[in-house]
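Asker: Sharing protein33.cif here; it has mmCIF, C-alpha atoms.
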data_structure
loop_
_atom_site.label_atom_id
_atom_site.label_comp_id
_atom_site.auth_asym_id
_atom_site.auth_seq_id
_atom_site.Cartn_x
_atom_site.Cartn_y
_atom_site.Cartn_z
CA MET X 1 0.00 0.00 0.00
CA LEU X 2 1.26 3.45 -0.86
CA ARG X 3 0.77 6.01 1.85
CA VAL X 4 2.33 9.02 3.49
CA SER X 5 3.44 8.74 7.10
CA LYS X 6 1.20 9.83 9.97
CA LEU X 7 3.48 12.81 10.60
CA THR X 8 3.10 13.94 6.99
CA ASP X 9 -0.66 13.55 7.26
CA TYR X 10 -0.63 15.54 10.50
CA ALA X 11 1.62 18.19 8.93
CA THR X 12 -0.97 18.65 6.18
CA VAL X 13 -3.70 19.08 8.81
CA VAL X 14 -1.62 21.66 10.72
CA MET X 15 -0.77 23.54 7.52
CA THR X 16 -4.45 23.56 6.56
CA CYS X 17 -5.29 25.06 9.97
CA LEU X 18 -2.72 27.79 9.34
CA ALA X 19 -4.12 28.39 5.85
CA ALA X 20 -7.62 28.73 7.28
CA ALA X 21 -6.30 31.37 9.71
CA GLY X 22 -5.25 33.58 6.79
CA ASP X 23 -2.58 36.06 7.87
CA GLY X 24 -3.15 35.25 11.52
CA VAL X 25 -0.40 34.03 13.81
CA LEU X 26 -1.33 30.94 15.83
CA SER X 27 0.52 29.44 18.77
CA ALA X 28 1.54 25.80 18.71
CA GLN X 29 -1.01 25.14 21.46
CA VAL X 30 -3.87 26.72 19.49
CA LEU X 31 -2.82 24.78 16.39
CA ALA X 32 -2.79 21.56 18.43
CA GLU X 33 -6.31 22.28 19.64
CA ARG X 34 -7.63 23.14 16.18
CA ALA X 35 -5.95 20.11 14.61
CA ARG X 36 -6.95 17.90 17.56
CA LEU X 37 -3.39 16.66 17.92
CA GLU X 38 -1.02 16.43 20.86
CA ALA X 39 0.97 19.63 21.47
CA PRO X 40 4.40 17.90 21.41
CA THR X 41 3.57 16.38 18.03
CA VAL X 42 2.51 19.75 16.62
CA SER X 43 5.68 21.39 17.97
CA LYS X 44 7.79 18.71 16.26
CA LEU X 45 5.92 19.23 12.98
CA LEU X 46 6.24 23.00 13.14
CA LYS X 47 9.99 22.76 13.69
CA GLN X 48 10.38 20.60 10.59
CA LEU X 49 8.03 22.78 8.53
CA ALA X 50 9.95 25.89 9.60
CA GLN X 51 13.26 24.30 8.60
CA ALA X 52 11.74 23.61 5.18
CA GLY X 53 10.68 27.26 4.87
CA LEU X 54 6.94 26.55 4.84
CA VAL X 55 6.10 28.32 8.12
CA VAL X 56 7.59 31.29 9.93
CA SER X 57 7.72 31.59 13.69
CA THR X 58 7.43 34.80 15.67
CA ARG X 59 8.64 35.03 19.26
CA GLY X 60 7.02 37.00 22.02
CA ILE X 61 3.73 37.36 23.78
CA ASN X 62 1.77 37.54 20.52
CA GLY X 63 4.07 35.07 18.83
CA GLY X 64 3.28 31.90 17.04
CA TYR X 65 3.34 30.51 13.53
CA ARG X 66 2.06 31.59 10.15
CA LEU X 67 2.51 30.39 6.60
CA ALA X 68 5.75 31.52 4.97
CA ARG X 69 3.88 32.33 1.75
CA ALA X 70 0.32 32.44 0.48
CA SER X 71 -1.67 29.21 0.72
CA GLU X 72 -2.04 29.26 -3.07
CA LYS X 73 1.76 29.00 -3.34
CA ILE X 74 2.22 25.96 -1.04
CA THR X 75 1.42 22.56 -2.51
CA ILE X 76 0.89 19.17 -0.95
CA ALA X 77 4.09 18.14 -2.72
CA ASP X 78 5.92 20.85 -0.73
CA ILE X 79 4.62 19.41 2.53
CA VAL X 80 5.39 15.79 1.60
CA THR X 81 8.91 16.76 0.54
CA ALA X 82 9.46 18.76 3.75
CA MET X 83 8.43 15.82 5.90
CA GLU X 84 9.70 12.82 3.94
CA GLY X 85 12.31 14.06 1.49
CA PRO X 86 12.14 13.73 -2.29
CA ILE X 87 9.02 12.08 -3.67
CA GLY X 88 10.00 8.67 -5.00
CA MET X 89 7.99 5.54 -5.58
CA THR X 90 11.21 3.56 -5.88
CA GLU X 91 14.76 4.40 -4.85
CA CYS X 92 15.83 5.00 -8.45
CA SER X 93 12.95 7.38 -9.14
CA ALA X 94 14.15 9.66 -6.34
CA HIS X 95 17.92 9.14 -6.56
CA ALA X 96 19.72 8.03 -9.71
CA GLY X 97 22.59 5.65 -9.18
CA ALA X 98 21.22 4.20 -5.93
CA CYS X 99 20.57 0.75 -7.37
CA GLY X 100 23.02 -1.66 -8.97
CA HIS X 101 20.31 -2.91 -11.32
CA GLU X 102 19.75 0.47 -13.02
CA PRO X 103 21.95 -0.18 -16.08
CA HIS X 104 19.91 -3.22 -17.11
CA CYS X 105 16.54 -2.54 -15.44
CA GLY X 106 13.55 -2.97 -17.72
CA VAL X 107 11.02 -1.21 -15.49
CA ARG X 108 12.92 1.86 -14.27
CA VAL X 109 11.57 4.17 -16.98
CA ASN X 110 7.99 3.19 -16.21
CA TRP X 111 8.50 3.68 -12.46
CA GLN X 112 9.86 7.13 -13.25
CA ARG X 113 6.73 7.90 -15.32
CA ILE X 114 4.54 6.79 -12.42
CA ASN X 115 6.64 8.83 -9.99
CA HIS X 116 6.28 11.96 -12.14
CA ALA X 117 2.50 11.48 -12.36
CA ILE X 118 2.18 11.21 -8.58
CA ALA X 119 4.52 14.15 -7.96
CA ASP X 120 2.56 16.23 -10.49
CA ALA X 121 -0.75 15.28 -8.82
CA LEU X 122 0.60 16.32 -5.39
CA ALA X 123 1.97 19.54 -6.85
CA SER X 124 -1.40 20.37 -8.41
CA VAL X 125 -3.19 20.61 -5.04
CA THR X 126 -2.49 23.69 -2.91
CA LEU X 127 -3.27 24.49 0.70
CA ALA X 128 -5.88 26.93 -0.61
CA ASP X 129 -7.55 23.96 -2.31
CA MET X 130 -7.44 21.97 0.94
CA VAL X 131 -9.24 24.76 2.84
CA LYS X 132 -12.11 24.96 0.35
CA PRO X 133 -15.30 23.18 1.41
CA PRO X 134 -15.67 19.72 -0.11
CA PRO X 135 -17.82 19.43 -3.22
CA LYS X 136 -21.49 18.64 -2.65
CA ARG X 137 -21.18 15.34 -4.46
CA ALA X 138 -18.30 12.93 -4.32
CA GLY X 139 -15.69 13.77 -6.90
CA THR X 140 -12.32 12.49 -7.84
CA ILE X 141 -9.03 14.16 -8.44
CA PRO X 142 -8.11 13.48 -12.06
CA LEU X 143 -4.78 11.77 -12.47
CA ARG X 144 -3.17 11.78 -15.87
CA VAL X 145 -0.14 9.66 -16.55
CA ALA X 146 2.25 11.53 -18.78
CA SER X 147 3.13 9.78 -22.00
CA ALA X 148 6.69 9.75 -23.19
#
Let me see whether you can do it: turn the structure in this file into structure tokens.
Answerer:
Amino acid sequence: MLRVSKLTDYATVVMTCLAAAGDGVLSAQVLAERARLEAPTVSKLLKQLAQAGLVVSTRGINGGYRLARASEKITIADIVTAMEGPIGMTECSAHAGACGHEPHCGVRVNWQRINHAIADALASVTLADMVKPPPKRAGTIPLRVASA
């Protein structure tokens, strides 16, 4: 099964809470309450997201966290990469030269195509999209596989 880690999932929830706050600055405790997560977990996430340049922290009595740029400019791919590193379905689709089978691998090119499609799908959804109310009827996110 392909899935993101719990921390990446939680990071997306926290970032969505920040996006919903607009330009507001929220403390880690308030974010934990809004996201319904434990405060130590949220603090850990915020530290990693700040290191990746996705959130900015402000010290002081009115301090807290806010998005580093507009929610329309932060994608789910940005969050996944901040939490997990480069998006890669297989080792060779994220890092060339990591596998001894690459020179004679018959499936590498197709894994790279799949990897690009997933990365493109994640990059096509922004935090602004995540904040929008869900559609009235169940919909799907279109996924197109790029052809070579």
Asker: May I have the residues within 10 Å of Ser43 (chain X) as a PyMOL selection string, using all atoms listed in the file and disregarding those fewer than 5 positions away in the same chain?
Answerer: chain X and resi 27-29+31-32+38+48-49
Asker: With the PyMOL selection byres ((chain X and resi 26) around 6) as the selection, what would be picked from this file? Answer as a VMD selection string, please.
Answerer: chain X and resid 25 27 64 to 65
Asker: Just checking: using all atoms listed in the file, which residue out of X:Ala128, X:Lys47, X:Glu72, X:Gly24 ends up closest to Ala11 (chain X)?
Answerer: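 Ranking X:Ala128, X:Lys47, X:Glu72, X:Gly24 by distance to Ala11 (chain X), first place goes to X:Lys47.
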Asker: Could you give me, as JSON lines, every region 24-109 of chain X residue with an atom at most 12 Å from region 118-124 of chain X, plus its closest atom pair and distance in Å to one decimal, counting all atoms listed in the file, rows ordered by chain then number?
Answerer:
{"residue": "X:Glu72", "atom": "CA", "partner": "X:Ser124", "partner_atom": "CA", "distance": 10.4}
{"residue": "X:Lys73", "atom": "CA", "partner": "X:Ala123", "partner_atom": "CA", "distance": 10.1}
{"residue": "X:Ile74", "atom": "CA", "partner": "X:Ala123", "partner_atom": "CA", "distance": 8.7}
{"residue": "X:Thr75", "atom": "CA", "partner": "X:Ala123", "partner_atom": "CA", "distance": 5.3}
{"residue": "X:Ile76", "atom": "CA", "partner": "X:Leu122", "partner_atom": "CA", "distance": 5.3}
{"residue": "X:Ala77", "atom": "CA", "partner": "X:Leu122", "partner_atom": "CA", "distance": 4.8}
{"residue": "X:Asp78", "atom": "CA", "partner": "X:Ala123", "partner_atom": "CA", "distance": 7.4}
{"residue": "X:Ile79", "atom": "CA", "partner": "X:Leu122", "partner_atom": "CA", "distance": 9.4}
{"residue": "X:Val80", "atom": "CA", "partner": "X:Leu122", "partner_atom": "CA", "distance": 8.5}
{"residue": "X:Thr81", "atom": "CA", "partner": "X:Ala119", "partner_atom": "CA", "distance": 9.9}
{"residue": "X:Pro86", "atom": "CA", "partner": "X:Ala119", "partner_atom": "CA", "distance": 9.5}
{"residue": "X:Ile87", "atom": "CA", "partner": "X:Ala119", "partner_atom": "CA", "distance": 6.6}
{"residue": "X:Gly88", "atom": "CA", "partner": "X:Ala119", "partner_atom": "CA", "distance": 8.3}
{"residue": "X:Met89", "atom": "CA", "partner": "X:Ile118", "partner_atom": "CA", "distance": 8.7}
{"residue": "X:Ser93", "atom": "CA", "partner": "X:Ala119", "partner_atom": "CA", "distance": 10.9}
{"residue": "X:Ala94", "atom": "CA", "partner": "X:Ala119", "partner_atom": "CA", "distance": 10.7}
Asker: With C-alpha atoms retained, could you export that selection as a PDB file, in the frame of the given file?
Answerer:
ATOM      1  CA  GLU X  72      -2.040  29.260  -3.070  1.00  0.00           C
ATOM      2  CA  LYS X  73       1.760  29.000  -3.340  1.00  0.00           C
ATOM      3  CA  ILE X  74       2.220  25.960  -1.040  1.00  0.00           C
ATOM      4  CA  THR X  75       1.420  22.560  -2.510  1.00  0.00           C
ATOM      5  CA  ILE X  76       0.890  19.170  -0.950  1.00  0.00           C
ATOM      6  CA  ALA X  77       4.090  18.140  -2.720  1.00  0.00           C
ATOM      7  CA  ASP X  78       5.920  20.850  -0.730  1.00  0.00           C
ATOM      8  CA  ILE X  79       4.620  19.410   2.530  1.00  0.00           C
ATOM      9  CA  VAL X  80       5.390  15.790   1.600  1.00  0.00           C
ATOM     10  CA  THR X  81       8.910  16.760   0.540  1.00  0.00           C
ATOM     11  CA  PRO X  86      12.140  13.730  -2.290  1.00  0.00           C
ATOM     12  CA  ILE X  87       9.020  12.080  -3.670  1.00  0.00           C
ATOM     13  CA  GLY X  88      10.000   8.670  -5.000  1.00  0.00           C
ATOM     14  CA  MET X  89       7.990   5.540  -5.580  1.00  0.00           C
ATOM     15  CA  SER X  93      12.950   7.380  -9.140  1.00  0.00           C
ATOM     16  CA  ALA X  94      14.150   9.660  -6.340  1.00  0.00           C
TER      17      ALA X  94
END
Asker: Out of X:Glu84, X:Pro133, X:His104, X:Ser71, which residue has the shortest atom-to-atom distance to Met15 (chain X) when counting all atoms listed in the file?
Answerer: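 Of X:Glu84, X:Pro133, X:His104, X:Ser71, the one nearest Met15 (chain X) is X:Ser71, counting all atoms listed in the file.
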Asker: Do you know which residues are at most 12 Å from Tyr10 (chain X) counting only C-alpha atoms, after dropping those on the same chain fewer than 3 positions away, and could you put them as a CSV table (one decimal) with C-alpha atoms, in the frame of the given file?
Answerer:
chain,number,residue,atom,x,y,z
X,4,VAL,CA,2.3,9.0,3.5
X,5,SER,CA,3.4,8.7,7.1
X,6,LYS,CA,1.2,9.8,10.0
X,7,LEU,CA,3.5,12.8,10.6
X,13,VAL,CA,-3.7,19.1,8.8
X,14,VAL,CA,-1.6,21.7,10.7
X,15,MET,CA,-0.8,23.5,7.5
X,16,THR,CA,-4.4,23.6,6.6
X,17,CYS,CA,-5.3,25.1,10.0
X,31,LEU,CA,-2.8,24.8,16.4
X,32,ALA,CA,-2.8,21.6,18.4
X,34,ARG,CA,-7.6,23.1,16.2
X,35,ALA,CA,-6.0,20.1,14.6
X,36,ARG,CA,-7.0,17.9,17.6
X,37,LEU,CA,-3.4,16.7,17.9
X,38,GLU,CA,-1.0,16.4,20.9
X,39,ALA,CA,1.0,19.6,21.5
X,41,THR,CA,3.6,16.4,18.0
X,42,VAL,CA,2.5,19.8,16.6
X,43,SER,CA,5.7,21.4,18.0
X,44,LYS,CA,7.8,18.7,16.3
X,45,LEU,CA,5.9,19.2,13.0
X,46,LEU,CA,6.2,23.0,13.1
X,49,LEU,CA,8.0,22.8,8.5
X,79,ILE,CA,4.6,19.4,2.5
X,80,VAL,CA,5.4,15.8,1.6
X,83,MET,CA,8.4,15.8,5.9
Asker: Between CA of Gln112 (chain X) and CA of Ala96 (chain X), measure the distance and give it in Å to one decimal.
Answerer: 10.5 Å
Asker: Can you work out the spacing between CA of Asp9 (chain X) and CA of Gly22 (chain X) in Å, to one decimal?
Answerer: 20.6 Å
Asker: Working from the structure I just supplied, which lacks atoms in region 124-136 of chain X, can you model N, CA, C and O atoms there and output them as a PDB file, in the frame of the given file?
Answerer:
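Once written, selection_18.pdb looks like this:
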ATOM      1  N   SER X 124      -0.248  19.659  -7.853  1.00  0.00           N
ATOM      2  CA  SER X 124      -1.400  20.370  -8.410  1.00  0.00           C
ATOM      3  C   SER X 124      -2.436  20.754  -7.354  1.00  0.00           C
ATOM      4  O   SER X 124      -3.382  21.470  -7.651  1.00  0.00           O
ATOM      5  N   VAL X 125      -2.257  20.289  -6.118  1.00  0.00           N
ATOM      6  CA  VAL X 125      -3.190  20.610  -5.040  1.00  0.00           C
ATOM      7  C   VAL X 125      -2.489  21.531  -4.046  1.00  0.00           C
ATOM      8  O   VAL X 125      -1.439  21.188  -3.508  1.00  0.00           O
ATOM      9  N   THR X 126      -3.082  22.702  -3.821  1.00  0.00           N
ATOM     10  CA  THR X 126      -2.490  23.690  -2.910  1.00  0.00           C
ATOM     11  C   THR X 126      -3.210  23.662  -1.562  1.00  0.00           C
ATOM     12  O   THR X 126      -4.284  23.072  -1.425  1.00  0.00           O
ATOM     13  N   LEU X 127      -2.603  24.342  -0.594  1.00  0.00           N
ATOM     14  CA  LEU X 127      -3.270  24.490   0.700  1.00  0.00           C
ATOM     15  C   LEU X 127      -4.585  25.243   0.546  1.00  0.00           C
ATOM     16  O   LEU X 127      -5.559  24.940   1.232  1.00  0.00           O
ATOM     17  N   ALA X 128      -4.619  26.202  -0.366  1.00  0.00           N
ATOM     18  CA  ALA X 128      -5.880  26.930  -0.610  1.00  0.00           C
ATOM     19  C   ALA X 128      -6.961  25.957  -1.070  1.00  0.00           C
ATOM     20  O   ALA X 128      -8.116  26.075  -0.652  1.00  0.00           O
ATOM     21  N   ASP X 129      -6.595  24.984  -1.886  1.00  0.00           N
ATOM     22  CA  ASP X 129      -7.550  23.960  -2.310  1.00  0.00           C
ATOM     23  C   ASP X 129      -8.029  23.137  -1.124  1.00  0.00           C
ATOM     24  O   ASP X 129      -9.202  22.773  -1.042  1.00  0.00           O
ATOM     25  N   MET X 130      -7.120  22.824  -0.216  1.00  0.00           N
ATOM     26  CA  MET X 130      -7.440  21.970   0.940  1.00  0.00           C
ATOM     27  C   MET X 130      -8.416  22.660   1.896  1.00  0.00           C
ATOM     28  O   MET X 130      -9.172  21.999   2.597  1.00  0.00           O
ATOM     29  N   VAL X 131      -8.383  23.994   1.929  1.00  0.00           N
ATOM     30  CA  VAL X 131      -9.240  24.760   2.840  1.00  0.00           C
ATOM     31  C   VAL X 131     -10.661  24.889   2.293  1.00  0.00           C
ATOM     32  O   VAL X 131     -11.612  25.020   3.058  1.00  0.00           O
ATOM     33  N   LYS X 132     -10.789  24.812   0.975  1.00  0.00           N
ATOM     34  CA  LYS X 132     -12.110  24.960   0.350  1.00  0.00           C
ATOM     35  C   LYS X 132     -13.048  23.879   0.870  1.00  0.00           C
ATOM     36  O   LYS X 132     -12.632  22.750   1.121  1.00  0.00           O
ATOM     37  N   PRO X 133     -14.339  24.206   0.988  1.00  0.00           N
ATOM     38  CA  PRO X 133     -15.300  23.180   1.410  1.00  0.00           C
ATOM     39  C   PRO X 133     -15.342  22.051   0.375  1.00  0.00           C
ATOM     40  O   PRO X 133     -15.149  22.290  -0.818  1.00  0.00           O
ATOM     41  N   PRO X 134     -15.611  20.836   0.845  1.00  0.00           N
ATOM     42  CA  PRO X 134     -15.670  19.720  -0.110  1.00  0.00           C
ATOM     43  C   PRO X 134     -16.835  19.904  -1.076  1.00  0.00           C
ATOM     44  O   PRO X 134     -17.833  20.558  -0.747  1.00  0.00           O
ATOM     45  N   PRO X 135     -16.720  19.329  -2.255  1.00  0.00           N
ATOM     46  CA  PRO X 135     -17.820  19.430  -3.220  1.00  0.00           C
ATOM     47  C   PRO X 135     -19.067  18.746  -2.662  1.00  0.00           C
ATOM     48  O   PRO X 135     -18.979  17.848  -1.828  1.00  0.00           O
ATOM     49  N   LYS X 136     -20.229  19.183  -3.151  1.00  0.00           N
ATOM     50  CA  LYS X 136     -21.490  18.640  -2.650  1.00  0.00           C
ATOM     51  C   LYS X 136     -21.658  17.164  -2.993  1.00  0.00           C
ATOM     52  O   LYS X 136     -22.262  16.417  -2.268  1.00  0.00           O
TER      53      LYS X 136
END
